[in-house]
$ cat upload-v3.tsv   # TSV, C-alpha atoms
chain	number	residue	atom	x	y	z
A	1	MET	CA	5.62	-18.00	-10.90
A	2	SER	CA	7.53	-14.74	-11.34
A	3	GLU	CA	10.77	-16.39	-12.46
A	4	LYS	CA	9.09	-18.45	-15.21
A	5	ASN	CA	7.15	-15.44	-16.45
A	6	GLU	CA	10.30	-13.31	-16.49
A	7	ALA	CA	12.12	-15.96	-18.52
A	8	THR	CA	9.29	-15.93	-21.07
A	9	TYR	CA	9.50	-12.14	-21.44
A	10	SER	CA	13.25	-12.42	-22.00
A	11	ALA	CA	12.91	-14.81	-24.97
A	12	ALA	CA	13.98	-13.32	-28.31
A	13	ASN	CA	10.74	-14.16	-30.13
A	14	ILE	CA	8.64	-12.52	-27.38
A	15	ILE	CA	10.84	-9.40	-27.42
A	16	ASN	CA	10.50	-9.18	-31.21
A	17	TYR	CA	6.72	-9.47	-30.91
A	18	TYR	CA	6.42	-6.60	-28.45
A	19	ALA	CA	8.94	-4.45	-30.32
A	20	GLN	CA	6.67	-4.26	-33.36
A	21	LEU	CA	3.51	-3.18	-31.50
A	22	GLU	CA	2.43	0.37	-32.30
A	23	LEU	CA	-1.07	1.26	-31.12
A	24	LEU	CA	-2.50	2.33	-27.80
A	25	GLN	CA	-5.38	0.28	-26.50
A	26	PRO	CA	-8.73	2.11	-26.40
A	27	ALA	CA	-8.66	2.70	-22.63
A	28	GLU	CA	-5.11	4.07	-22.82
A	29	GLN	CA	-6.20	6.45	-25.55
A	30	THR	CA	-9.15	7.56	-23.43
A	31	ILE	CA	-6.89	8.47	-20.51
A	32	LEU	CA	-4.32	10.14	-22.75
A	33	ASP	CA	-7.10	12.33	-24.13
A	34	GLN	CA	-8.34	13.13	-20.61
A	35	LEU	CA	-4.87	14.16	-19.45
A	36	ARG	CA	-3.67	15.74	-22.68
A	37	HIS	CA	-3.73	19.33	-21.40
A	38	GLN	CA	-1.82	18.36	-18.23
A	39	LEU	CA	0.80	16.14	-19.86
A	40	PRO	CA	3.29	18.96	-20.69
A	41	THR	CA	3.79	19.50	-16.94
A	42	ILE	CA	3.75	15.84	-15.91
A	43	LYS	CA	6.65	13.66	-14.80
A	44	MET	CA	5.71	10.19	-16.00
A	45	LEU	CA	6.85	6.68	-15.09
A	46	ASP	CA	5.92	3.93	-17.55
A	47	ILE	CA	6.33	0.46	-16.00
A	48	GLY	CA	6.72	-2.67	-18.11
A	49	ILE	CA	7.30	-0.79	-21.35
A	50	GLY	CA	8.16	-3.91	-23.36
A	51	GLY	CA	9.22	-2.83	-26.83
A	52	GLY	CA	8.02	0.75	-26.40
A	53	ARG	CA	4.42	0.63	-27.55
A	54	THR	CA	3.25	3.23	-25.00
A	55	THR	CA	6.59	5.08	-25.07
A	56	LYS	CA	5.89	6.15	-28.65
A	57	HIS	CA	2.68	7.93	-27.65
A	58	PHE	CA	3.37	9.35	-24.19
A	59	ALA	CA	7.05	10.29	-24.19
A	60	PRO	CA	6.73	13.21	-26.67
A	61	LEU	CA	3.88	14.75	-24.67
A	62	VAL	CA	5.12	14.81	-21.08
A	63	GLU	CA	7.65	17.03	-19.29
A	64	SER	CA	9.82	14.03	-18.43
A	65	TYR	CA	9.46	10.37	-19.29
A	66	THR	CA	11.05	7.36	-17.56
A	67	GLY	CA	10.36	3.86	-18.83
A	68	ILE	CA	11.36	0.65	-17.05
A	69	ASP	CA	11.08	-3.08	-17.67
A	70	TYR	CA	12.56	-6.02	-15.79
A	71	SER	CA	13.61	-7.67	-19.06
A	72	HIS	CA	17.04	-6.49	-20.21
A	73	GLY	CA	16.15	-7.59	-23.72
A	74	MET	CA	13.01	-5.44	-23.77
A	75	ILE	CA	14.96	-2.37	-22.66
A	76	GLU	CA	17.63	-3.00	-25.31
A	77	ALA	CA	14.94	-3.28	-27.98
A	78	CYS	CA	13.30	-0.11	-26.74
A	79	GLN	CA	16.58	1.80	-26.66
A	80	LYS	CA	17.27	0.73	-30.25
A	81	ARG	CA	13.79	1.75	-31.33
A	82	PHE	CA	14.12	5.25	-29.85
A	83	GLN	CA	17.86	5.78	-30.26
A	84	ASN	CA	17.30	9.13	-31.96
A	85	GLN	CA	15.09	10.37	-29.13
A	86	SER	CA	17.26	9.48	-26.15
A	87	ASP	CA	17.44	13.13	-25.09
A	88	VAL	CA	13.73	13.25	-24.21
A	89	MET	CA	13.39	9.98	-22.30
A	90	THR	CA	15.10	7.68	-19.83
A	91	LEU	CA	14.86	3.93	-20.48
A	92	GLN	CA	16.30	1.55	-17.91
A	93	VAL	CA	15.99	-1.91	-16.38
A	94	GLY	CA	13.78	-1.84	-13.31
A	95	ASP	CA	11.51	-4.08	-11.27
A	96	ALA	CA	8.15	-2.73	-10.12
A	97	ARG	CA	8.32	-4.79	-6.93
A	98	ASN	CA	11.24	-2.71	-5.67
A	99	MET	CA	11.78	0.70	-7.22
A	100	ALA	CA	14.34	1.94	-4.72
A	101	GLU	CA	16.07	3.85	-7.53
A	102	PHE	CA	13.22	6.37	-7.36
A	103	ALA	CA	12.74	8.78	-4.48
A	104	ASP	CA	9.46	9.21	-2.65
A	105	ASN	CA	6.97	11.55	-4.35
A	106	SER	CA	8.73	11.45	-7.73
A	107	PHE	CA	5.97	11.16	-10.34
A	108	ASP	CA	2.71	12.78	-11.45
A	109	PHE	CA	1.52	9.89	-13.62
A	110	ILE	CA	2.36	6.18	-13.44
A	111	LEU	CA	1.29	3.76	-16.16
A	112	PHE	CA	1.57	-0.03	-15.98
A	113	SER	CA	-0.01	-1.33	-19.18
A	114	PHE	CA	-0.62	-4.67	-20.84
A	115	ASN	CA	-1.50	-6.39	-17.55
A	116	GLY	CA	2.11	-6.36	-16.40
A	117	ILE	CA	1.00	-6.42	-12.77
A	118	ASP	CA	-0.62	-9.83	-13.40
A	119	TYR	CA	2.63	-11.75	-13.84
A	120	VAL	CA	3.82	-11.76	-10.24
A	121	SER	CA	2.50	-13.42	-7.10
A	122	HIS	CA	-0.31	-11.98	-4.97
A	123	GLY	CA	2.15	-10.70	-2.38
A	124	ASP	CA	4.37	-9.12	-5.03
A	125	ARG	CA	1.31	-7.46	-6.54
A	126	LEU	CA	0.53	-5.75	-3.25
A	127	ASP	CA	4.18	-4.68	-2.99
A	128	ILE	CA	3.92	-3.10	-6.44
A	129	LEU	CA	0.87	-1.10	-5.44
A	130	GLN	CA	2.68	0.04	-2.29
A	131	GLU	CA	5.72	1.10	-4.31
A	132	ILE	CA	3.51	3.01	-6.74
A	133	ASN	CA	1.94	4.75	-3.77
A	134	ARG	CA	5.40	5.63	-2.39
A	135	ILE	CA	6.91	7.10	-5.54
A	136	GLY	CA	3.74	8.80	-6.74
A	137	LYS	CA	3.01	12.30	-5.51
A	138	THR	CA	-0.24	12.91	-3.69
A	139	GLY	CA	-2.77	13.15	-6.51
A	140	CYS	CA	-0.53	11.19	-8.90
A	141	TYR	CA	-2.59	9.56	-11.65
A	142	VAL	CA	-2.24	5.78	-11.90
A	143	LEU	CA	-3.41	3.64	-14.82
A	144	PHE	CA	-3.00	-0.12	-15.13
A	145	SER	CA	-4.81	-3.07	-16.66
A	146	SER	CA	-5.57	-6.42	-15.09
A	147	HIS	CA	-7.20	-9.68	-16.14
A	148	ASN	CA	-10.89	-10.04	-15.37
A	149	LEU	CA	-11.75	-13.23	-13.45
A	150	GLN	CA	-15.49	-13.14	-14.05
A	151	ALA	CA	-14.87	-13.09	-17.81
A	152	MET	CA	-12.38	-15.97	-17.60
A	153	ALA	CA	-14.91	-18.06	-15.67
A	154	LYS	CA	-17.10	-18.01	-18.77
A	155	GLU	CA	-14.20	-19.32	-20.84
A	156	PHE	CA	-14.31	-22.55	-18.80
A	157	ASP	CA	-18.02	-23.10	-19.51
A	158	TRP	CA	-18.50	-25.48	-22.45
A	159	LYS	CA	-21.93	-23.99	-23.23
A	160	ASN	CA	-20.24	-20.76	-24.27
A	161	LYS	CA	-18.20	-22.67	-26.86
A	162	LEU	CA	-21.16	-23.81	-28.95
A	163	SER	CA	-21.74	-22.19	-32.32
A	164	PHE	CA	-24.01	-22.64	-35.34
A	165	ASN	CA	-20.80	-23.27	-37.25
A	166	PRO	CA	-19.66	-26.85	-36.41
A	167	ILE	CA	-16.04	-26.04	-37.25
A	168	HIS	CA	-16.02	-23.12	-34.80
A	169	THR	CA	-17.61	-25.35	-32.17
A	170	TYR	CA	-14.97	-28.02	-32.70
A	171	VAL	CA	-12.08	-25.54	-32.45
A	172	ASN	CA	-13.61	-23.86	-29.39
A	173	LEU	CA	-14.06	-27.16	-27.58
A	174	ILE	CA	-10.50	-28.26	-28.40
A	175	MET	CA	-9.19	-24.99	-26.92
A	176	LEU	CA	-11.39	-25.50	-23.86
A	177	VAL	CA	-9.92	-28.96	-23.30
A	178	ILE	CA	-6.39	-27.55	-23.57
A	179	LEU	CA	-7.27	-24.75	-21.13
A	180	ILE	CA	-8.64	-27.26	-18.63
A	181	LEU	CA	-5.62	-29.54	-18.97
A	182	PHE	CA	-3.28	-26.66	-18.16
A	183	ASN	CA	-5.37	-25.82	-15.08
A	184	LEU	CA	-6.32	-29.17	-13.59
A	185	SER	CA	-6.05	-27.85	-10.03
A	186	ILE	CA	-8.77	-25.24	-10.63
A	187	THR	CA	-12.41	-26.22	-10.20
A	188	TYR	CA	-15.35	-24.48	-11.83
A	189	GLN	CA	-16.61	-23.60	-8.34
A	190	GLN	CA	-13.34	-21.78	-7.63
A	191	LEU	CA	-13.75	-19.84	-10.85
A	192	THR	CA	-17.18	-18.63	-9.79
A	193	ILE	CA	-16.48	-17.69	-6.15
A	194	ALA	CA	-12.76	-16.84	-5.80
A	195	ASN	CA	-11.64	-13.19	-5.63
A	196	HIS	CA	-8.51	-14.00	-7.60
A	197	LEU	CA	-6.81	-17.01	-9.17
A	198	ILE	CA	-3.56	-17.84	-10.93
A	199	ILE	CA	-4.45	-19.31	-14.33
A	200	LYS	CA	-2.41	-20.57	-17.27
A	201	ASP	CA	-4.20	-18.97	-20.20
A	202	GLU	CA	-3.53	-18.84	-23.93
A	203	SER	CA	-0.94	-16.08	-23.60
A	204	HIS	CA	2.19	-17.04	-25.53
A	205	ASN	CA	1.06	-20.66	-25.90
A	206	PHE	CA	0.17	-21.20	-22.25
A	207	LYS	CA	3.68	-20.31	-21.09
A	208	LEU	CA	2.55	-17.67	-18.59
A	209	LYS	CA	0.91	-17.96	-15.19
A	210	THR	CA	-1.54	-15.08	-15.04
A	211	TYR	CA	-3.27	-13.40	-12.10
A	212	TYR	CA	-7.01	-12.95	-12.68
A	213	ILE	CA	-9.07	-10.83	-10.28
A	214	ARG	CA	-12.67	-9.68	-9.93
A	215	ALA	CA	-13.22	-5.96	-10.35
A	216	GLU	CA	-14.69	-5.67	-6.87
A	217	ALA	CA	-11.63	-7.33	-5.34
A	218	GLN	CA	-9.25	-5.12	-7.33
A	219	THR	CA	-11.11	-2.04	-6.13
A	220	LYS	CA	-10.65	-3.20	-2.52
A	221	GLN	CA	-6.91	-3.64	-3.10
A	222	LEU	CA	-6.75	-0.02	-4.23
A	223	GLU	CA	-9.01	1.66	-1.68
A	224	LYS	CA	-6.36	1.86	1.07
A	225	ASN	CA	-3.94	4.09	-0.83
A	226	PHE	CA	-5.82	5.31	-3.90
A	227	SER	CA	-8.95	7.36	-4.58
A	228	ASN	CA	-11.22	8.32	-7.48
A	229	ILE	CA	-11.09	4.75	-8.75
A	230	GLU	CA	-12.56	4.35	-12.23
A	231	ILE	CA	-12.79	1.23	-14.40
A	232	TYR	CA	-12.64	1.21	-18.18
A	233	SER	CA	-13.36	-1.37	-20.85
A	234	TRP	CA	-10.26	-2.68	-22.58
A	235	LYS	CA	-12.10	-3.06	-25.89
A	236	THR	CA	-14.13	0.16	-26.07
A	237	GLY	CA	-12.22	2.53	-23.78
A	238	LEU	CA	-15.52	3.53	-22.15
A	239	LYS	CA	-15.91	3.92	-18.39
A	240	ILE	CA	-17.95	1.21	-16.69
A	241	SER	CA	-20.04	2.86	-13.98
A	242	ASN	CA	-22.94	0.45	-13.52
A	243	PRO	CA	-22.17	-2.24	-10.87
A	244	ALA	CA	-24.39	-4.80	-12.62
A	245	GLU	CA	-22.62	-4.21	-15.91
A	246	LEU	CA	-19.24	-4.47	-14.21
A	247	SER	CA	-20.00	-7.77	-12.49
A	248	ALA	CA	-20.95	-9.34	-15.81
A	249	HIS	CA	-18.49	-7.55	-18.08
A	250	PRO	CA	-17.14	-9.82	-20.84
A	251	ASP	CA	-13.74	-8.13	-21.38
A	252	LEU	CA	-10.89	-10.47	-20.46
A	253	TRP	CA	-9.10	-7.53	-18.93
A	254	LEU	CA	-10.08	-4.13	-17.56
A	255	TYR	CA	-8.29	-0.83	-17.00
A	256	TYR	CA	-8.15	0.84	-13.57
A	257	PHE	CA	-7.59	4.60	-13.31
A	258	CYS	CA	-7.11	6.19	-9.91
A	259	GLN	CA	-5.05	8.69	-7.90
A	260	VAL	CA	-2.62	8.40	-5.01
A	261	THR	CA	-4.37	9.74	-1.91
A	262	GLU	CA	-1.38	10.04	0.41
A	263	ASN	CA	1.88	8.22	0.87
A	264	HIS	CA	2.04	5.32	3.34
A	265	PHE	CA	5.72	4.56	3.92
$ encode --input "upload-v3.tsv" --output "structure tokens"
Amino acid sequence: MSEKNEATYSAANIINYYAQLELLQPAEQTILDQLRHQLPTIKMLDIGIGGGRTTKHFAPLVESYTGIDYSHGMIEACQKRFQNQSDVMTLQVGDARNMAEFADNSFDFILFSFNGIDYVSHGDRLDILQEINRIGKTGCYVLFSSHNLQAMAKEFDWKNKLSFNPIHTYVNLIMLVILILFNLSITYQQLTIANHLIIKDESHNFKLKTYYIRAEAQTKQLEKNFSNIEIYSWKTGLKISNPAELSAHPDLWLYYFCQVTENHF
């Protein structure tokens, strides 16, 4: 899974796509605004920076900024994009599964955006969370996004593809058939009861295997080493506090904001 995903993110057309992205997503903007007054004293690690979309917004505001990505091509594109600002940031190749290049208790804020944590195996995902716990100081802010399984389950339901517009219905049903064909091993029952699943979705023409997880299951993954767990809508940037709303939330991915409680290493 990880090797195929990494190869996709190293392709020239994918690198070019990410290199032209500019805007923060609404939830990222919400957290930036919340932390704005603290950012000048914060040492930040940005994981999976791609072409530098988040670098543009966070690097000028923090005390020190380090950005990593496991794609050499992404780092080269990012270095080219910010070549005149190299004195205020460090950009380097790095893998979130093993960040031995960073000492324990190194950072005040760790960001892993654009669902980067979803493109490794379940075991690797847990390793990433452990590494974030190790290199984050006690109280370190952590923000990452992850695909929402309960929303994806609805994508497999043909009834949700019907529209008053027959052309839209036709296109929706064709895409549903393609989605099913790429995921023949997954049953609808699995989609409704599993805590997490690996799904080939539409991302980059179904080239990626993506980890989808229910919000309740993601919260349980975090509870061991992280506290003050909050969940935000990807589309609106608003916090989702109501459990009923969360369990039925339609966003295909959600943002998780929490803090390192104490280091376990």
$ closest_residue --input "upload-v3.tsv" --among "A:Tyr212, A:Tyr17, A:Phe82, A:Tyr170" --to "Asn148 of chain A" --atoms "all atoms listed in the file"
A:Tyr212
$ closest_residue --input "upload-v3.tsv" --among "A:Asn205, A:Gln79, A:Asn172, A:Asn115" --to "Gln25 of chain A" --atoms "only C-alpha atoms"
A:Asn115
$ atom_distance --input "upload-v3.tsv" --atom1 "atom CA of Glu3 of chain A" --atom2 "atom CA of Gln218 of chain A"
23.5 Å
$ closest_residue --input "upload-v3.tsv" --among "A:Tyr65, A:Tyr232, A:Phe114, A:Phe156" --to "Leu21 of chain A" --atoms "all atoms listed in the file"
A:Phe114
$ atom_distance --input "upload-v3.tsv" --atom1 "atom CA of Ile15 of chain A" --atom2 "atom CA of Gly48 of chain A"
12.2 Å
$ closest_residue --input "upload-v3.tsv" --among "A:Phe58, A:Tyr18, A:Tyr255, A:Tyr9" --to "Phe109 of chain A" --atoms "all atoms listed in the file"
A:Phe58
$ closest_residue --input "upload-v3.tsv" --among "A:Lys161, A:Lys137, A:His147, A:His249" --to "Ile42 of chain A" --atoms "all atoms listed in the file"
A:Lys137
$ closest_atom_pairs --input "upload-v3.tsv" --of "segment 115-224 of chain A" --to "segment 86-96 of chain A" --cutoff "12 Å" --atoms "only C-alpha atoms" --output "Markdown table"
| residue | atom | partner | partner_atom | distance |
| --- | --- | --- | --- | --- |
| A:Gly116 | CA | A:Ala96 | CA | 9.4 |
| A:Ile117 | CA | A:Ala96 | CA | 8.5 |
| A:Asp118 | CA | A:Ala96 | CA | 11.8 |
| A:Tyr119 | CA | A:Ala96 | CA | 11.2 |
| A:Val120 | CA | A:Ala96 | CA | 10.0 |
| A:Asp124 | CA | A:Ala96 | CA | 9.0 |
| A:Arg125 | CA | A:Ala96 | CA | 9.1 |
| A:Leu126 | CA | A:Ala96 | CA | 10.7 |
| A:Asp127 | CA | A:Ala96 | CA | 8.4 |
| A:Ile128 | CA | A:Ala96 | CA | 5.6 |
| A:Leu129 | CA | A:Ala96 | CA | 8.8 |
| A:Gln130 | CA | A:Ala96 | CA | 9.9 |
| A:Glu131 | CA | A:Ala96 | CA | 7.4 |
| A:Ile132 | CA | A:Ala96 | CA | 8.1 |
| A:Asn133 | CA | A:Ala96 | CA | 11.6 |
| A:Arg134 | CA | A:Ala96 | CA | 11.7 |
| A:Ile135 | CA | A:Ala96 | CA | 10.9 |
$ write_last_selection --input "upload-v3.tsv" --atoms "C-alpha atoms" --output "PDB file, in the coordinates of the input"
ATOM      1  CA  GLY A 116       2.110  -6.360 -16.400  1.00  0.00           C
ATOM      2  CA  ILE A 117       1.000  -6.420 -12.770  1.00  0.00           C
ATOM      3  CA  ASP A 118      -0.620  -9.830 -13.400  1.00  0.00           C
ATOM      4  CA  TYR A 119       2.630 -11.750 -13.840  1.00  0.00           C
ATOM      5  CA  VAL A 120       3.820 -11.760 -10.240  1.00  0.00           C
ATOM      6  CA  ASP A 124       4.370  -9.120  -5.030  1.00  0.00           C
ATOM      7  CA  ARG A 125       1.310  -7.460  -6.540  1.00  0.00           C
ATOM      8  CA  LEU A 126       0.530  -5.750  -3.250  1.00  0.00           C
ATOM      9  CA  ASP A 127       4.180  -4.680  -2.990  1.00  0.00           C
ATOM     10  CA  ILE A 128       3.920  -3.100  -6.440  1.00  0.00           C
ATOM     11  CA  LEU A 129       0.870  -1.100  -5.440  1.00  0.00           C
ATOM     12  CA  GLN A 130       2.680   0.040  -2.290  1.00  0.00           C
ATOM     13  CA  GLU A 131       5.720   1.100  -4.310  1.00  0.00           C
ATOM     14  CA  ILE A 132       3.510   3.010  -6.740  1.00  0.00           C
ATOM     15  CA  ASN A 133       1.940   4.750  -3.770  1.00  0.00           C
ATOM     16  CA  ARG A 134       5.400   5.630  -2.390  1.00  0.00           C
ATOM     17  CA  ILE A 135       6.910   7.100  -5.540  1.00  0.00           C
TER      18      ILE A 135
END
$ build_atoms --input "upload-v3.tsv" --residues "segment 178-193 of chain A" --atoms "N, CA, C and O atoms" --output "compact mmCIF listing (two decimals), in the frame of the given file"
# COMPACT_ATOMS: atom_id res chain seq x y z
N ILE A 178 -7.78 -27.93 -23.83
CA ILE A 178 -6.39 -27.55 -23.57
C ILE A 178 -6.32 -26.64 -22.34
O ILE A 178 -5.46 -26.81 -21.47
N LEU A 179 -7.24 -25.66 -22.27
CA LEU A 179 -7.27 -24.75 -21.13
C LEU A 179 -7.47 -25.52 -19.83
O LEU A 179 -6.79 -25.26 -18.83
N ILE A 180 -8.38 -26.46 -19.83
CA ILE A 180 -8.64 -27.26 -18.63
C ILE A 180 -7.43 -28.09 -18.25
O ILE A 180 -7.06 -28.19 -17.07
N LEU A 181 -6.78 -28.70 -19.25
CA LEU A 181 -5.62 -29.54 -18.97
C LEU A 181 -4.47 -28.75 -18.36
O LEU A 181 -3.71 -29.29 -17.55
N PHE A 182 -4.33 -27.50 -18.73
CA PHE A 182 -3.28 -26.66 -18.16
C PHE A 182 -3.65 -26.14 -16.77
O PHE A 182 -2.81 -25.53 -16.10
N ASN A 183 -4.90 -26.35 -16.36
CA ASN A 183 -5.37 -25.82 -15.08
C ASN A 183 -6.16 -26.86 -14.31
O ASN A 183 -7.25 -26.59 -13.80
N LEU A 184 -5.61 -28.07 -14.21
CA LEU A 184 -6.32 -29.17 -13.59
C LEU A 184 -6.61 -28.94 -12.11
O LEU A 184 -7.53 -29.53 -11.55
N SER A 185 -5.84 -28.09 -11.47
CA SER A 185 -6.05 -27.85 -10.03
C SER A 185 -7.18 -26.87 -9.75
O SER A 185 -7.56 -26.66 -8.59
N ILE A 186 -7.73 -26.25 -10.80
CA ILE A 186 -8.77 -25.24 -10.63
C ILE A 186 -10.14 -25.84 -10.94
O ILE A 186 -10.34 -26.41 -12.01
N THR A 187 -11.06 -25.72 -10.00
CA THR A 187 -12.41 -26.22 -10.20
C THR A 187 -13.31 -25.10 -10.72
O THR A 187 -13.02 -23.92 -10.55
N TYR A 188 -14.42 -25.49 -11.33
CA TYR A 188 -15.35 -24.48 -11.83
C TYR A 188 -15.93 -23.67 -10.66
O TYR A 188 -16.19 -22.48 -10.80
N GLN A 189 -16.11 -24.32 -9.51
CA GLN A 189 -16.61 -23.60 -8.34
C GLN A 189 -15.63 -22.50 -7.92
O GLN A 189 -16.05 -21.38 -7.59
N GLN A 190 -14.34 -22.81 -7.95
CA GLN A 190 -13.34 -21.78 -7.63
C GLN A 190 -13.45 -20.60 -8.58
O GLN A 190 -13.35 -19.45 -8.18
N LEU A 191 -13.65 -20.90 -9.85
CA LEU A 191 -13.75 -19.84 -10.85
C LEU A 191 -14.92 -18.91 -10.59
O LEU A 191 -14.89 -17.73 -10.93
N THR A 192 -15.98 -19.44 -10.00
CA THR A 192 -17.18 -18.63 -9.79
C THR A 192 -17.20 -17.90 -8.46
O THR A 192 -17.94 -16.92 -8.32
N ILE A 193 -16.39 -18.32 -7.47
CA ILE A 193 -16.48 -17.69 -6.15
C ILE A 193 -15.18 -17.02 -5.69
O ILE A 193 -15.21 -16.16 -4.81
